[in-house]
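Structure record follows, encoded as structure tokens.
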There are 2 protein chains.
Amino acid sequence: MQDSAAIGMAASVGPCASIPADHMDLIRQVLDRVGDKWSMLVIAVLEGGPMRYTDVQRQIPGIYQRMLTHTLRQLTEDGLITRTAYAEVPPRVEYALAPLGGGLNEIVKQLIGWAADHHDEIRANRSRPGAATSSASRT
Amino acid sequence: MQDSAAIGMAASVGPCASIPADHMDLIRQVLDRVGDKWSMLVIAVLEGGPMRYTDVQRQIPGIYQRMLTHTLRQLTEDGLITRTAYAEVPPRVEYALAPLGGGLNEIVKQLIGWAADHHDEIRANRSRPGAATSSASRT
DNA sequence: CGGAATCCGCGGTGATACTG
DNA sequence: CAGTATCACCGCGGATTCCG
């Protein structure tokens, strides 16, 4: 199949048409949102129900206020989570999964499940010297 | 999700035990891999079958050699994709989805499907002034 | 064609201090 | 308690050039 026909113009696409290119843009946009280091983690953590700021922070070791605030704000702006501020004397703010974020959470859960299922396999592969690189001689 | 629900203070920490904390680490590891800017995109693109270096680059507008090479190497090391180098006069290297990457691709496809399904909704939310922030007055 | 080497800026990381 | 502000540091990633 190669690209012998795709040398120059060749508008026809063989197996390369996996992604319709008009989807590329929106995929990029979404991946830039949820694909960052913390968003999915926050969504996964919020699955258990509404949670306060410090609770989220406690649930995610290694995250810092700056990023937590930033991530929470991003997700709130996107409508994936909701932010409820209680005007009490001890300020309380609770974050919860919005319906939109709930749908994403289903996928995140699958990703986590996959991760738990294959993380050892991945680690084993990473330890391999030759890796998965194979050389084929062909004239 | 029932581990620390009982031993908590029970005041507001009921559902906080969503992530067992022993999973946090591996989730982080996997997210650091596939959650970067390009990995999922490469996997999604490779779904259509084996592809050459430049073909992948053409399929992903905006990616540069540095990141493409880096991402491909990462994924190869992890065993998610395979790299086959043909020792020909015009050097040809083909990347293809490994079984492991194929499994991940199923999830990536769902994520893409979700993205295509809700990207306009997200964009609409982002344009909203008040966002999803609600204030509740409570003594 | 495939990739390494290089330069460089932006932004995430990490800590600390401060406010409402 | 829930952030905001500031800063130093450093690595990711963008962009160009060069090499096998």
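In the structure tokens, chains take the letters A, B, ... in the order shown, each chain's residues start at 1, and ligands count up from 1 in the order shown.
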(message) Residues near DC19 of chain D, anyone? I mean within 12 Å using only C-alpha atoms (C1' of nucleotides), not counting same-chain ones fewer than 5 positions away, as a VMD selection string.
(response) chain C and resid 2 to 5
After a least-squares superposition on chain B over all sequentially paired C-alpha atoms, what is chain A as a PDB file with C-alpha atoms, in the first residue's frame?
```pdb
ATOM      1  CA  MET A   1     -22.183  11.976  55.009  1.00  0.00           C
ATOM      2  CA  GLN A   2     -19.600  14.736  55.221  1.00  0.00           C
ATOM      3  CA  ASP A   3     -16.458  14.198  57.140  1.00  0.00           C
ATOM      4  CA  SER A   4     -17.641  14.833  60.627  1.00  0.00           C
ATOM      5  CA  ALA A   5     -16.175  11.502  61.510  1.00  0.00           C
ATOM      6  CA  ALA A   6     -13.098  12.061  59.400  1.00  0.00           C
ATOM      7  CA  ILE A   7     -11.830  14.923  61.480  1.00  0.00           C
ATOM      8  CA  GLY A   8      -8.893  13.134  62.891  1.00  0.00           C
ATOM      9  CA  MET A   9      -8.143   9.486  62.434  1.00  0.00           C
ATOM     10  CA  ALA A  10     -11.300   7.983  60.991  1.00  0.00           C
ATOM     11  CA  ALA A  11      -9.808   5.295  58.835  1.00  0.00           C
ATOM     12  CA  SER A  12     -13.241   4.635  57.393  1.00  0.00           C
ATOM     13  CA  VAL A  13     -13.848   6.276  54.084  1.00  0.00           C
ATOM     14  CA  GLY A  14     -17.233   7.292  52.815  1.00  0.00           C
ATOM     15  CA  PRO A  15     -17.586   8.336  49.197  1.00  0.00           C
ATOM     16  CA  CYS A  16     -13.920   9.136  49.091  1.00  0.00           C
ATOM     17  CA  ALA A  17     -13.050   5.529  48.394  1.00  0.00           C
ATOM     18  CA  SER A  18     -13.542   5.907  44.675  1.00  0.00           C
ATOM     19  CA  ILE A  19      -9.909   5.213  44.051  1.00  0.00           C
ATOM     20  CA  PRO A  20      -8.317   2.525  46.173  1.00  0.00           C
ATOM     21  CA  ALA A  21      -5.084   4.478  46.556  1.00  0.00           C
ATOM     22  CA  ASP A  22      -3.145   1.389  45.580  1.00  0.00           C
ATOM     23  CA  HIS A  23      -4.338   2.097  42.080  1.00  0.00           C
ATOM     24  CA  MET A  24      -3.444   5.750  42.279  1.00  0.00           C
ATOM     25  CA  ASP A  25       0.181   5.048  41.597  1.00  0.00           C
ATOM     26  CA  LEU A  26      -0.297   3.003  38.471  1.00  0.00           C
ATOM     27  CA  ILE A  27      -2.900   5.385  37.191  1.00  0.00           C
ATOM     28  CA  ARG A  28      -0.421   8.173  37.584  1.00  0.00           C
ATOM     29  CA  GLN A  29       2.199   6.175  35.739  1.00  0.00           C
ATOM     30  CA  VAL A  30      -0.033   5.406  32.811  1.00  0.00           C
ATOM     31  CA  LEU A  31      -1.432   8.900  32.669  1.00  0.00           C
ATOM     32  CA  ASP A  32       2.058  10.294  32.637  1.00  0.00           C
ATOM     33  CA  ARG A  33       2.673   8.190  29.561  1.00  0.00           C
ATOM     34  CA  VAL A  34      -0.438   8.392  27.468  1.00  0.00           C
ATOM     35  CA  GLY A  35      -1.746  11.552  29.051  1.00  0.00           C
ATOM     36  CA  ASP A  36       0.886  13.771  27.594  1.00  0.00           C
ATOM     37  CA  LYS A  37       0.190  16.049  24.749  1.00  0.00           C
ATOM     38  CA  TRP A  38       1.180  13.819  21.865  1.00  0.00           C
ATOM     39  CA  SER A  39       1.087  10.122  22.743  1.00  0.00           C
ATOM     40  CA  MET A  40      -2.614   9.623  22.204  1.00  0.00           C
ATOM     41  CA  LEU A  41      -2.417  11.588  19.015  1.00  0.00           C
ATOM     42  CA  VAL A  42       0.342   9.382  17.685  1.00  0.00           C
ATOM     43  CA  ILE A  43      -1.570   6.257  18.630  1.00  0.00           C
ATOM     44  CA  ALA A  44      -4.696   7.534  16.974  1.00  0.00           C
ATOM     45  CA  VAL A  45      -2.800   8.427  13.852  1.00  0.00           C
ATOM     46  CA  LEU A  46      -1.101   5.045  13.734  1.00  0.00           C
ATOM     47  CA  GLU A  47      -4.439   3.317  13.709  1.00  0.00           C
ATOM     48  CA  GLY A  48      -4.528   3.406   9.927  1.00  0.00           C
ATOM     49  CA  GLY A  49      -1.597   1.073   9.722  1.00  0.00           C
ATOM     50  CA  PRO A  50       2.189   1.224   9.604  1.00  0.00           C
ATOM     51  CA  MET A  51       3.485   4.663   8.931  1.00  0.00           C
ATOM     52  CA  ARG A  52       6.809   6.275   8.270  1.00  0.00           C
ATOM     53  CA  TYR A  53       8.391   8.948  10.368  1.00  0.00           C
ATOM     54  CA  THR A  54       7.599  11.839   8.095  1.00  0.00           C
ATOM     55  CA  ASP A  55       4.112  10.574   7.485  1.00  0.00           C
ATOM     56  CA  VAL A  56       3.374  10.688  11.164  1.00  0.00           C
ATOM     57  CA  GLN A  57       4.845  14.132  11.287  1.00  0.00           C
ATOM     58  CA  ARG A  58       2.657  15.242   8.425  1.00  0.00           C
ATOM     59  CA  GLN A  59      -0.414  13.800  10.077  1.00  0.00           C
ATOM     60  CA  ILE A  60       0.174  15.754  13.240  1.00  0.00           C
ATOM     61  CA  PRO A  61       0.468  19.457  12.505  1.00  0.00           C
ATOM     62  CA  GLY A  62       2.388  21.332  15.115  1.00  0.00           C
ATOM     63  CA  ILE A  63       4.554  18.497  16.348  1.00  0.00           C
ATOM     64  CA  TYR A  64       8.257  18.904  16.067  1.00  0.00           C
ATOM     65  CA  GLN A  65      11.010  16.397  15.463  1.00  0.00           C
ATOM     66  CA  ARG A  66      12.153  16.557  19.022  1.00  0.00           C
ATOM     67  CA  MET A  67       8.811  15.676  20.511  1.00  0.00           C
ATOM     68  CA  LEU A  68       7.895  13.274  17.764  1.00  0.00           C
ATOM     69  CA  THR A  69      11.116  11.352  18.240  1.00  0.00           C
ATOM     70  CA  HIS A  70      10.716  11.462  21.984  1.00  0.00           C
ATOM     71  CA  THR A  71       7.111  10.318  21.898  1.00  0.00           C
ATOM     72  CA  LEU A  72       7.791   7.552  19.418  1.00  0.00           C
ATOM     73  CA  ARG A  73      10.668   6.324  21.527  1.00  0.00           C
ATOM     74  CA  GLN A  74       8.579   6.369  24.680  1.00  0.00           C
ATOM     75  CA  LEU A  75       5.769   4.450  23.069  1.00  0.00           C
ATOM     76  CA  THR A  76       8.212   1.987  21.570  1.00  0.00           C
ATOM     77  CA  GLU A  77       9.875   1.411  24.918  1.00  0.00           C
ATOM     78  CA  ASP A  78       6.509   0.802  26.492  1.00  0.00           C
ATOM     79  CA  GLY A  79       5.686  -1.691  23.793  1.00  0.00           C
ATOM     80  CA  LEU A  80       2.686   0.223  22.561  1.00  0.00           C
ATOM     81  CA  ILE A  81       4.074   0.632  19.089  1.00  0.00           C
ATOM     82  CA  THR A  82       6.690  -1.167  17.079  1.00  0.00           C
ATOM     83  CA  ARG A  83       9.574   0.328  15.211  1.00  0.00           C
ATOM     84  CA  THR A  84      10.893  -1.357  12.110  1.00  0.00           C
ATOM     85  CA  ALA A  85      13.993   0.012  10.465  1.00  0.00           C
ATOM     86  CA  TYR A  86      14.711  -1.054   6.929  1.00  0.00           C
ATOM     87  CA  ALA A  87      18.433  -1.000   6.195  1.00  0.00           C
ATOM     88  CA  GLU A  88      17.950   0.427   2.793  1.00  0.00           C
ATOM     89  CA  VAL A  89      19.872   3.097   1.005  1.00  0.00           C
ATOM     90  CA  PRO A  90      17.094   5.557   1.536  1.00  0.00           C
ATOM     91  CA  PRO A  91      16.531   4.888   5.205  1.00  0.00           C
ATOM     92  CA  ARG A  92      13.006   3.851   5.968  1.00  0.00           C
ATOM     93  CA  VAL A  93      11.535   3.417   9.387  1.00  0.00           C
ATOM     94  CA  GLU A  94       8.006   2.344   9.918  1.00  0.00           C
ATOM     95  CA  TYR A  95       6.024   2.645  13.090  1.00  0.00           C
ATOM     96  CA  ALA A  96       2.998   0.521  13.743  1.00  0.00           C
ATOM     97  CA  LEU A  97       0.590  -0.174  16.527  1.00  0.00           C
ATOM     98  CA  ALA A  98       1.607  -3.073  18.720  1.00  0.00           C
ATOM     99  CA  PRO A  99      -1.172  -5.232  20.160  1.00  0.00           C
ATOM    100  CA  LEU A 100      -0.825  -3.389  23.426  1.00  0.00           C
ATOM    101  CA  GLY A 101      -1.202  -0.051  21.721  1.00  0.00           C
ATOM    102  CA  GLY A 102      -4.115  -1.399  19.751  1.00  0.00           C
ATOM    103  CA  GLY A 103      -6.003  -1.999  22.936  1.00  0.00           C
ATOM    104  CA  LEU A 104      -5.296   1.491  24.088  1.00  0.00           C
ATOM    105  CA  ASN A 105      -6.360   2.793  20.736  1.00  0.00           C
ATOM    106  CA  GLU A 106      -9.859   1.539  21.362  1.00  0.00           C
ATOM    107  CA  ILE A 107     -10.072   3.807  24.369  1.00  0.00           C
ATOM    108  CA  VAL A 108      -8.446   6.665  22.526  1.00  0.00           C
ATOM    109  CA  LYS A 109     -11.025   6.323  19.802  1.00  0.00           C
ATOM    110  CA  GLN A 110     -13.778   6.578  22.359  1.00  0.00           C
ATOM    111  CA  LEU A 111     -12.136   9.636  23.792  1.00  0.00           C
ATOM    112  CA  ILE A 112     -11.953  11.175  20.360  1.00  0.00           C
ATOM    113  CA  GLY A 113     -15.547  10.279  19.742  1.00  0.00           C
ATOM    114  CA  TRP A 114     -16.514  11.909  23.005  1.00  0.00           C
ATOM    115  CA  ALA A 115     -14.468  14.930  22.086  1.00  0.00           C
ATOM    116  CA  ALA A 116     -16.159  15.246  18.736  1.00  0.00           C
ATOM    117  CA  ASP A 117     -19.479  14.852  20.454  1.00  0.00           C
ATOM    118  CA  HIS A 118     -19.074  17.461  23.133  1.00  0.00           C
ATOM    119  CA  HIS A 119     -16.395  19.856  22.011  1.00  0.00           C
ATOM    120  CA  ASP A 120     -18.955  22.442  20.998  1.00  0.00           C
ATOM    121  CA  GLU A 121     -20.717  21.998  24.289  1.00  0.00           C
ATOM    122  CA  ILE A 122     -17.474  22.543  26.132  1.00  0.00           C
ATOM    123  CA  ARG A 123     -16.693  25.589  24.082  1.00  0.00           C
ATOM    124  CA  ALA A 124     -20.149  26.951  24.851  1.00  0.00           C
ATOM    125  CA  ASN A 125     -19.559  26.425  28.545  1.00  0.00           C
ATOM    126  CA  ARG A 126     -16.228  28.140  28.397  1.00  0.00           C
ATOM    127  CA  SER A 127     -17.874  31.220  26.976  1.00  0.00           C
ATOM    128  CA  ARG A 128     -20.315  31.416  29.838  1.00  0.00           C
ATOM    129  CA  PRO A 129     -19.583  34.188  32.319  1.00  0.00           C
ATOM    130  CA  GLY A 130     -20.848  32.681  35.549  1.00  0.00           C
ATOM    131  CA  ALA A 131     -19.521  29.279  34.717  1.00  0.00           C
ATOM    132  CA  ALA A 132     -20.892  26.364  36.692  1.00  0.00           C
ATOM    133  CA  THR A 133     -20.122  27.941  40.029  1.00  0.00           C
ATOM    134  CA  SER A 134     -23.083  28.154  42.315  1.00  0.00           C
ATOM    135  CA  SER A 135     -23.244  29.615  45.770  1.00  0.00           C
ATOM    136  CA  ALA A 136     -25.342  28.079  48.449  1.00  0.00           C
ATOM    137  CA  SER A 137     -26.083  29.749  51.736  1.00  0.00           C
ATOM    138  CA  ARG A 138     -26.315  27.430  54.610  1.00  0.00           C
ATOM    139  CA  THR A 139     -25.760  28.040  58.286  1.00  0.00           C
TER     140      THR A 139
END
```
(request) Select residues of chain C: the criterion is any atom within 12 Å of an atom of chain A, counting only C-alpha atoms (C1' of nucleotides); output as a PyMOL selection string. (result) chain C and resi 11-15+20
Would you mind exporting the chosen residues as a CSV table (one decimal), in the first residue's frame, restricted to N, CA, C and O atoms (P, O5', C5', C4', C3', O3' and C1' of nucleotides)?
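Saved as result_3.csv:
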```
chain,number,residue,atom,x,y,z
C,11,DG,P,2.9,30.7,28.4
C,11,DG,O5',2.8,29.5,29.4
C,11,DG,C5',3.0,28.2,28.9
C,11,DG,C4',3.5,27.3,30.1
C,11,DG,C3',2.8,27.5,31.4
C,11,DG,O3',2.7,26.2,32.0
C,11,DG,C1',5.1,27.7,31.7
C,12,DG,P,1.3,25.8,32.7
C,12,DG,O5',1.8,24.6,33.6
C,12,DG,C5',2.4,23.4,33.0
C,12,DG,C4',3.5,22.9,33.9
C,12,DG,C3',3.0,22.6,35.3
C,12,DG,O3',3.5,21.3,35.7
C,12,DG,C1',4.9,24.0,35.3
C,13,DT,P,3.1,20.8,37.2
C,13,DT,O5',4.5,21.2,38.0
C,13,DT,C5',5.7,20.7,37.6
C,13,DT,C4',6.8,21.0,38.6
C,13,DT,C3',6.4,20.8,40.0
C,13,DT,O3',7.5,20.1,40.7
C,13,DT,C1',7.2,23.0,39.8
C,14,DG,P,7.2,19.3,42.0
C,14,DG,O5',7.7,20.4,43.1
C,14,DG,C5',9.0,20.9,43.0
C,14,DG,C4',9.2,22.0,44.0
C,14,DG,C3',8.4,21.8,45.3
C,14,DG,O3',9.3,21.9,46.4
C,14,DG,C1',8.2,24.0,44.5
C,15,DA,P,8.8,21.7,47.9
C,15,DA,O5',8.9,23.1,48.5
C,15,DA,C5',10.1,23.9,48.4
C,15,DA,C4',9.9,25.3,48.8
C,15,DA,C3',9.2,25.5,50.1
C,15,DA,O3',10.0,26.1,51.1
C,15,DA,C1',8.4,27.0,48.4
C,20,DG,P,-7.4,41.8,52.0
C,20,DG,O5',-8.7,41.1,51.3
C,20,DG,C5',-8.7,39.9,50.7
C,20,DG,C4',-9.9,39.0,51.1
C,20,DG,C3',-10.9,39.7,52.1
C,20,DG,O3',-12.2,39.2,51.8
C,20,DG,C1',-10.1,37.7,53.0
```
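Within segment 19-62 of chain A, residues classed as alpha helix (DSSP H) by DSSP on backbone coordinates are Met24, Asp25, Leu26, Ile27, Arg28, Gln29, Val30, Leu31, Asp32, Arg33, Val34, Ser39, Met40, Leu41, Val42, Ile43, Ala44, Val45, Tyr53, Thr54, Asp55, Val56, Gln57, Arg58 and Gln59 of chain A.
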Using only C-alpha atoms (C1' of nucleotides), find which residues of chain D lie within 9 Å of chain B and jot them down as a PDB file with N, CA, C and O atoms (P, O5', C5', C4', C3', O3' and C1' of nucleotides), in the first residue's frame.
```
ATOM      1  P    DG D  13       5.899  17.883  26.873  1.00  0.00           P
ATOM      2  O5'  DG D  13       6.013  18.955  25.698  1.00  0.00           O
ATOM      3  C5'  DG D  13       5.462  20.249  25.885  1.00  0.00           C
ATOM      4  C4'  DG D  13       6.111  21.238  24.951  1.00  0.00           C
ATOM      5  C3'  DG D  13       6.121  20.825  23.469  1.00  0.00           C
ATOM      6  O3'  DG D  13       5.397  21.782  22.733  1.00  0.00           O
ATOM      7  C1'  DG D  13       8.186  21.742  24.123  1.00  0.00           C
ATOM      8  P    DG D  14       5.153  21.643  21.194  1.00  0.00           P
ATOM      9  O5'  DG D  14       5.930  22.915  20.607  1.00  0.00           O
ATOM     10  C5'  DG D  14       5.575  24.214  21.078  1.00  0.00           C
ATOM     11  C4'  DG D  14       6.419  25.275  20.401  1.00  0.00           C
ATOM     12  C3'  DG D  14       6.481  25.171  18.874  1.00  0.00           C
ATOM     13  O3'  DG D  14       6.484  26.467  18.305  1.00  0.00           O
ATOM     14  C1'  DG D  14       8.653  24.964  19.762  1.00  0.00           C
ATOM     15  P    DA D  15       6.369  26.597  16.737  1.00  0.00           P
ATOM     16  O5'  DA D  15       7.895  26.699  16.286  1.00  0.00           O
ATOM     17  C5'  DA D  15       8.676  27.832  16.667  1.00  0.00           C
ATOM     18  C4'  DA D  15      10.074  27.698  16.106  1.00  0.00           C
ATOM     19  C3'  DA D  15      10.151  27.224  14.643  1.00  0.00           C
ATOM     20  O3'  DA D  15      10.832  28.177  13.863  1.00  0.00           O
ATOM     21  C1'  DA D  15      11.669  26.043  16.008  1.00  0.00           C
TER      22       DA D  15
END
```
(message) I'd like the interatomic distance between atom C1' of DG9 of chain C and atom C1' of DG3 of chain D, to a tenth of an Å.
(response) 28.6 Å
